[in-house]
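All remarks here apply to the structure that follows.
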Amino acid sequence: MTVSASTKKAATKATNPANKPAPERLPVNPVKPGDVKLMEQMHNSWALFLPSHYNQGQVEDQKTWTFMATRFKDMDEVRVTAEDGSWIAKAIIRRTVSMEINVQVYDWIELSAPMIAKEIEIGEDYVIRHFGAVRKFAVCNKANGTVVKEGFNTQVQAIKYVTDHIQQSTAVA
């Protein structure tokens with residue numbers, strides 16, 4: 001198959017409509033096998049839950065990360081999830097010369113309102129509340145608001161705990 005000279009010129013004009021010279025390519029250094037590593041060998045990916053009332057400033061605050069500073073490397077990635085699932089933050093760890101860390105949030109995603117179970121009041125003393133994916137369901141004292149016990153997977157487990165607790169209290173008295 002032969003291509004005419006006019007077809008070649010048309011094809012050239014289509015790819016380079018203004019007849020501008022091609023940009024100059026700068027020299028590059030080839031990547032050597034020792035320069036390339038698996039992502040897991042270079043940077044760590046961390047994940048954690050933080051209280052749902054935290055804002056971006058609190059996530060980036062150095063005091064939040066004080067106890068983990070020695071384990072972080074420069075350019076590690078952190079995914080932070082609110083305890084109740086209301087937001088997710090993605091951040092990069094930046095280490096400074098003085099071994100302090102700076103956490104830079106690059107993505108903050110507000111999620112739809114979490115499906116939270118309604119509180120169940122048991123008698124005049126106790127209430128069962130949902131505290132999110134980490135703390136789950138908890139039995140709280142209605143009088144002073146303190147948490148009696150937390151970490152129940154279901155409200156039924158929390159109700160059973162309260163009824164057993166009440167029975168033990170009345171048996172002792």
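FYI, nothing fancy with the structure tokens labels: chains A, B, ... in order, residues from 1 per chain, ligands from 1 as they appear.
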
Spatial neighbours of Val127 of chain A, max dist 7 Å, only C-alpha atoms, sep filter under 6 positions, as a PyMOL selection string: chain A and resi 119-121+139-142

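Residues in contact with segment 33-43 of chain A at 8 Å, where only C-alpha atoms are counted and same-chain residues fewer than 2 positions away are skipped, are listed as Val31, Ser45, Lys73, Asp74, Met75, Asp76 and Glu77 of chain A.
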
Include C-alpha atoms and write out the residues we just selected as a compact mmCIF listing (two decimals), in the first residue's frame.
```
# COMPACT_ATOMS: atom_id res chain seq x y z
CA VAL A 31 15.85 4.07 36.67
CA SER A 45 0.08 2.75 55.39
CA LYS A 73 8.64 7.47 58.37
CA ASP A 74 8.60 10.42 56.02
CA MET A 75 5.82 10.09 53.42
CA ASP A 76 3.89 7.40 55.34
CA GLU A 77 0.17 7.50 54.67
```

Write out as a PyMOL selection string which residues come within 12 Å of segment 46-57 of chain A when counting only C-alpha atoms, dropping same-chain ones fewer than 4 positions away. chain A and resi 40+61-65+68+71-73+75-93+102-111+113-114+131-135

Store the residues of this selection in a file with N, CA and C atoms, as a short mmCIF file (atom, residue, chain, number, x, y, z; two decimals), in the first residue's frame.
```
data_model
loop_
_atom_site.label_atom_id
_atom_site.label_comp_id
_atom_site.auth_asym_id
_atom_site.auth_seq_id
_atom_site.Cartn_x
_atom_site.Cartn_y
_atom_site.Cartn_z
N GLU A 40 5.17 -1.33 49.95
CA GLU A 40 5.26 -1.75 51.34
C GLU A 40 6.68 -1.65 51.90
N ASP A 61 -2.75 18.21 64.33
CA ASP A 61 -2.03 18.67 65.52
C ASP A 61 -0.95 17.65 65.91
N GLN A 62 0.27 18.13 66.18
CA GLN A 62 1.37 17.23 66.54
C GLN A 62 1.09 16.44 67.81
N LYS A 63 0.34 17.03 68.75
CA LYS A 63 0.04 16.34 70.00
C LYS A 63 -0.76 15.06 69.76
N THR A 64 -1.55 15.02 68.71
CA THR A 64 -2.33 13.83 68.39
C THR A 64 -1.42 12.65 68.10
N TRP A 65 -0.25 12.91 67.54
CA TRP A 65 0.64 11.86 67.05
C TRP A 65 1.88 11.65 67.91
N MET A 68 3.26 8.09 68.50
CA MET A 68 3.56 7.30 67.31
C MET A 68 4.73 7.90 66.51
N ARG A 71 7.62 5.77 65.21
CA ARG A 71 7.32 4.68 64.28
C ARG A 71 7.04 5.16 62.86
N PHE A 72 6.73 6.45 62.72
CA PHE A 72 6.40 6.98 61.41
C PHE A 72 7.67 7.28 60.61
N LYS A 73 7.57 7.08 59.29
CA LYS A 73 8.64 7.47 58.37
C LYS A 73 8.09 8.59 57.49
N MET A 75 6.72 10.46 54.52
CA MET A 75 5.82 10.09 53.42
C MET A 75 4.94 8.87 53.72
N ASP A 76 4.86 8.44 54.98
CA ASP A 76 3.89 7.40 55.34
C ASP A 76 2.48 7.96 55.14
N GLU A 77 1.55 7.08 54.89
CA GLU A 77 0.17 7.50 54.67
C GLU A 77 -0.68 7.06 55.86
N VAL A 78 -1.62 7.91 56.25
CA VAL A 78 -2.51 7.61 57.37
C VAL A 78 -3.95 7.82 56.91
N ARG A 79 -4.78 6.84 57.20
CA ARG A 79 -6.22 6.97 56.96
C ARG A 79 -6.90 7.02 58.32
N VAL A 80 -7.57 8.12 58.58
CA VAL A 80 -8.22 8.34 59.87
C VAL A 80 -9.73 8.26 59.66
N THR A 81 -10.39 7.47 60.48
CA THR A 81 -11.84 7.33 60.39
C THR A 81 -12.45 7.78 61.71
N ALA A 82 -13.53 8.55 61.62
CA ALA A 82 -14.25 8.95 62.83
C ALA A 82 -14.86 7.71 63.47
N GLU A 83 -14.90 7.69 64.80
CA GLU A 83 -15.44 6.54 65.51
C GLU A 83 -16.87 6.21 65.09
N ASP A 84 -17.64 7.23 64.76
CA ASP A 84 -19.03 6.97 64.37
C ASP A 84 -19.20 6.86 62.85
N GLY A 85 -18.10 6.93 62.11
CA GLY A 85 -18.16 6.79 60.66
C GLY A 85 -18.67 8.02 59.94
N SER A 86 -18.61 9.19 60.57
CA SER A 86 -19.14 10.40 59.94
C SER A 86 -18.15 11.08 58.99
N TRP A 87 -16.87 10.77 59.05
CA TRP A 87 -15.88 11.34 58.15
C TRP A 87 -14.67 10.42 58.04
N ILE A 88 -13.91 10.61 56.97
CA ILE A 88 -12.65 9.92 56.74
C ILE A 88 -11.64 10.97 56.30
N ALA A 89 -10.44 10.93 56.84
CA ALA A 89 -9.38 11.84 56.43
C ALA A 89 -8.19 11.02 55.95
N LYS A 90 -7.60 11.46 54.87
CA LYS A 90 -6.38 10.83 54.36
C LYS A 90 -5.27 11.84 54.52
N ALA A 91 -4.15 11.38 55.06
CA ALA A 91 -3.06 12.31 55.38
C ALA A 91 -1.71 11.68 55.06
N ILE A 92 -0.72 12.55 54.94
CA ILE A 92 0.67 12.16 54.70
C ILE A 92 1.50 12.63 55.89
N ILE A 93 2.40 11.77 56.35
CA ILE A 93 3.31 12.11 57.44
C ILE A 93 4.55 12.75 56.83
N ASN A 102 4.97 16.30 61.03
CA ASN A 102 3.85 17.12 60.61
C ASN A 102 2.92 16.20 59.84
N VAL A 103 1.66 16.28 60.15
CA VAL A 103 0.66 15.49 59.45
C VAL A 103 -0.10 16.44 58.54
N GLN A 104 -0.13 16.13 57.27
CA GLN A 104 -0.80 16.99 56.30
C GLN A 104 -1.99 16.23 55.72
N VAL A 105 -3.20 16.70 56.05
CA VAL A 105 -4.42 16.09 55.52
C VAL A 105 -4.59 16.57 54.08
N TYR A 106 -4.71 15.63 53.15
CA TYR A 106 -4.90 16.01 51.75
C TYR A 106 -6.29 15.67 51.25
N ASP A 107 -7.07 14.94 52.04
CA ASP A 107 -8.43 14.62 51.63
C ASP A 107 -9.29 14.43 52.87
N TRP A 108 -10.38 15.18 52.96
CA TRP A 108 -11.32 15.08 54.08
C TRP A 108 -12.67 14.78 53.47
N ILE A 109 -13.22 13.64 53.81
CA ILE A 109 -14.48 13.21 53.21
C ILE A 109 -15.55 13.13 54.30
N GLU A 110 -16.55 13.98 54.18
CA GLU A 110 -17.70 13.91 55.08
C GLU A 110 -18.63 12.84 54.54
N LEU A 111 -19.01 11.90 55.38
CA LEU A 111 -19.89 10.83 54.95
C LEU A 111 -21.32 11.12 55.41
N ALA A 113 -24.85 10.75 57.30
CA ALA A 113 -25.08 10.51 58.73
C ALA A 113 -25.13 9.01 59.01
N PRO A 114 -24.42 8.59 60.03
CA PRO A 114 -24.39 7.16 60.33
C PRO A 114 -25.74 6.68 60.86
N PHE A 131 -22.03 4.14 70.54
CA PHE A 131 -20.88 5.03 70.46
C PHE A 131 -20.04 4.81 69.22
N GLY A 132 -20.58 4.20 68.17
CA GLY A 132 -19.86 4.04 66.92
C GLY A 132 -19.21 2.69 66.77
N ALA A 133 -18.45 2.57 65.68
CA ALA A 133 -17.87 1.28 65.30
C ALA A 133 -16.82 0.76 66.28
N VAL A 134 -16.19 1.64 67.03
CA VAL A 134 -15.12 1.21 67.93
C VAL A 134 -15.68 0.83 69.30
N ARG A 135 -16.39 1.75 69.90
CA ARG A 135 -16.89 1.52 71.26
C ARG A 135 -18.20 0.75 71.26
#
```

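Across the model, the gap from atom CA of Val156 of chain A to atom CA of Ala138 of chain A is 11.2 Å.
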
Quick check for you: according to DSSP on this backbone, which residues of segment 10-154 of chain A are classed as strand (DSSP E)? Reply as a count of residues only. 50

Please run DSSP on the backbone and report, as a count of residues only, all residues within segment 38-97 of chain A that come out as helix (DSSP H, G or I). 16

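Remark: for Ala69 of chain A, the closest of the candidate residues A:Arg25, A:Glu100, A:Arg94, A:Gly151 is A:Glu100 (distances computed over only C-alpha atoms).
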
Extract, using only C-alpha atoms, all DNA, RNA and protein residues at most 12 Å from His165 of chain A, discarding same-chain residues fewer than 5 positions from it, and format them as a list in words. Ile122, Asp125, Tyr126, Val139, Val148, Lys149, Ala158, Ile159, Lys160, Thr170, Ala171 and Val172 of chain A

Would you output that residue set with N, CA, C and O atoms, as a JSON list (two decimals), in the first residue's frame?
```
[["chain", "number", "residue", "atom", "x", "y", "z"],
["A", 122, "ILE", "N", -33.49, 1.91, 80.48],
["A", 122, "ILE", "CA", -33.85, 0.75, 81.29],
["A", 122, "ILE", "C", -34.02, 1.24, 82.72],
["A", 122, "ILE", "O", -33.04, 1.60, 83.39],
["A", 125, "ASP", "N", -32.33, 4.15, 86.08],
["A", 125, "ASP", "CA", -30.88, 4.25, 86.31],
["A", 125, "ASP", "C", -30.00, 4.12, 85.07],
["A", 125, "ASP", "O", -28.90, 4.67, 85.04],
["A", 126, "TYR", "N", -30.43, 3.36, 84.06],
["A", 126, "TYR", "CA", -29.52, 3.03, 82.97],
["A", 126, "TYR", "C", -30.09, 3.41, 81.60],
["A", 126, "TYR", "O", -31.30, 3.43, 81.40],
["A", 139, "VAL", "N", -23.49, 0.68, 78.12],
["A", 139, "VAL", "CA", -24.46, 0.90, 79.19],
["A", 139, "VAL", "C", -23.97, 2.10, 79.98],
["A", 139, "VAL", "O", -22.83, 2.13, 80.45],
["A", 148, "VAL", "N", -20.87, 2.58, 82.27],
["A", 148, "VAL", "CA", -20.72, 1.44, 83.18],
["A", 148, "VAL", "C", -19.92, 0.35, 82.49],
["A", 148, "VAL", "O", -18.97, -0.19, 83.06],
["A", 149, "LYS", "N", -20.30, 0.02, 81.25],
["A", 149, "LYS", "CA", -19.56, -0.97, 80.46],
["A", 149, "LYS", "C", -19.85, -0.71, 78.99],
["A", 149, "LYS", "O", -20.96, -0.36, 78.63],
["A", 158, "ALA", "N", -26.31, -5.74, 75.59],
["A", 158, "ALA", "CA", -26.25, -4.69, 76.60],
["A", 158, "ALA", "C", -27.45, -4.80, 77.55],
["A", 158, "ALA", "O", -27.30, -4.64, 78.77],
["A", 159, "ILE", "N", -28.62, -5.08, 77.02],
["A", 159, "ILE", "CA", -29.82, -5.24, 77.87],
["A", 159, "ILE", "C", -29.64, -6.42, 78.81],
["A", 159, "ILE", "O", -29.97, -6.34, 79.99],
["A", 160, "LYS", "N", -29.10, -7.53, 78.30],
["A", 160, "LYS", "CA", -28.86, -8.70, 79.15],
["A", 160, "LYS", "C", -27.90, -8.36, 80.28],
["A", 160, "LYS", "O", -28.11, -8.74, 81.43],
["A", 170, "THR", "N", -29.99, -6.42, 93.36],
["A", 170, "THR", "CA", -31.16, -6.66, 94.26],
["A", 170, "THR", "C", -30.93, -7.90, 95.10],
["A", 170, "THR", "O", -31.41, -7.97, 96.22],
["A", 171, "ALA", "N", -30.21, -8.90, 94.60],
["A", 171, "ALA", "CA", -29.93, -10.12, 95.37],
["A", 171, "ALA", "C", -29.00, -9.80, 96.55],
["A", 171, "ALA", "O", -29.13, -10.40, 97.63],
["A", 172, "VAL", "N", -28.04, -8.90, 96.36],
["A", 172, "VAL", "CA", -27.09, -8.53, 97.41],
["A", 172, "VAL", "C", -27.80, -7.72, 98.48],
["A", 172, "VAL", "O", -27.53, -7.86, 99.67]]
```

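In this model, the gap between atom CA of Ala143 of chain A and atom CA of Ile166 of chain A comes to 15.5 Å.
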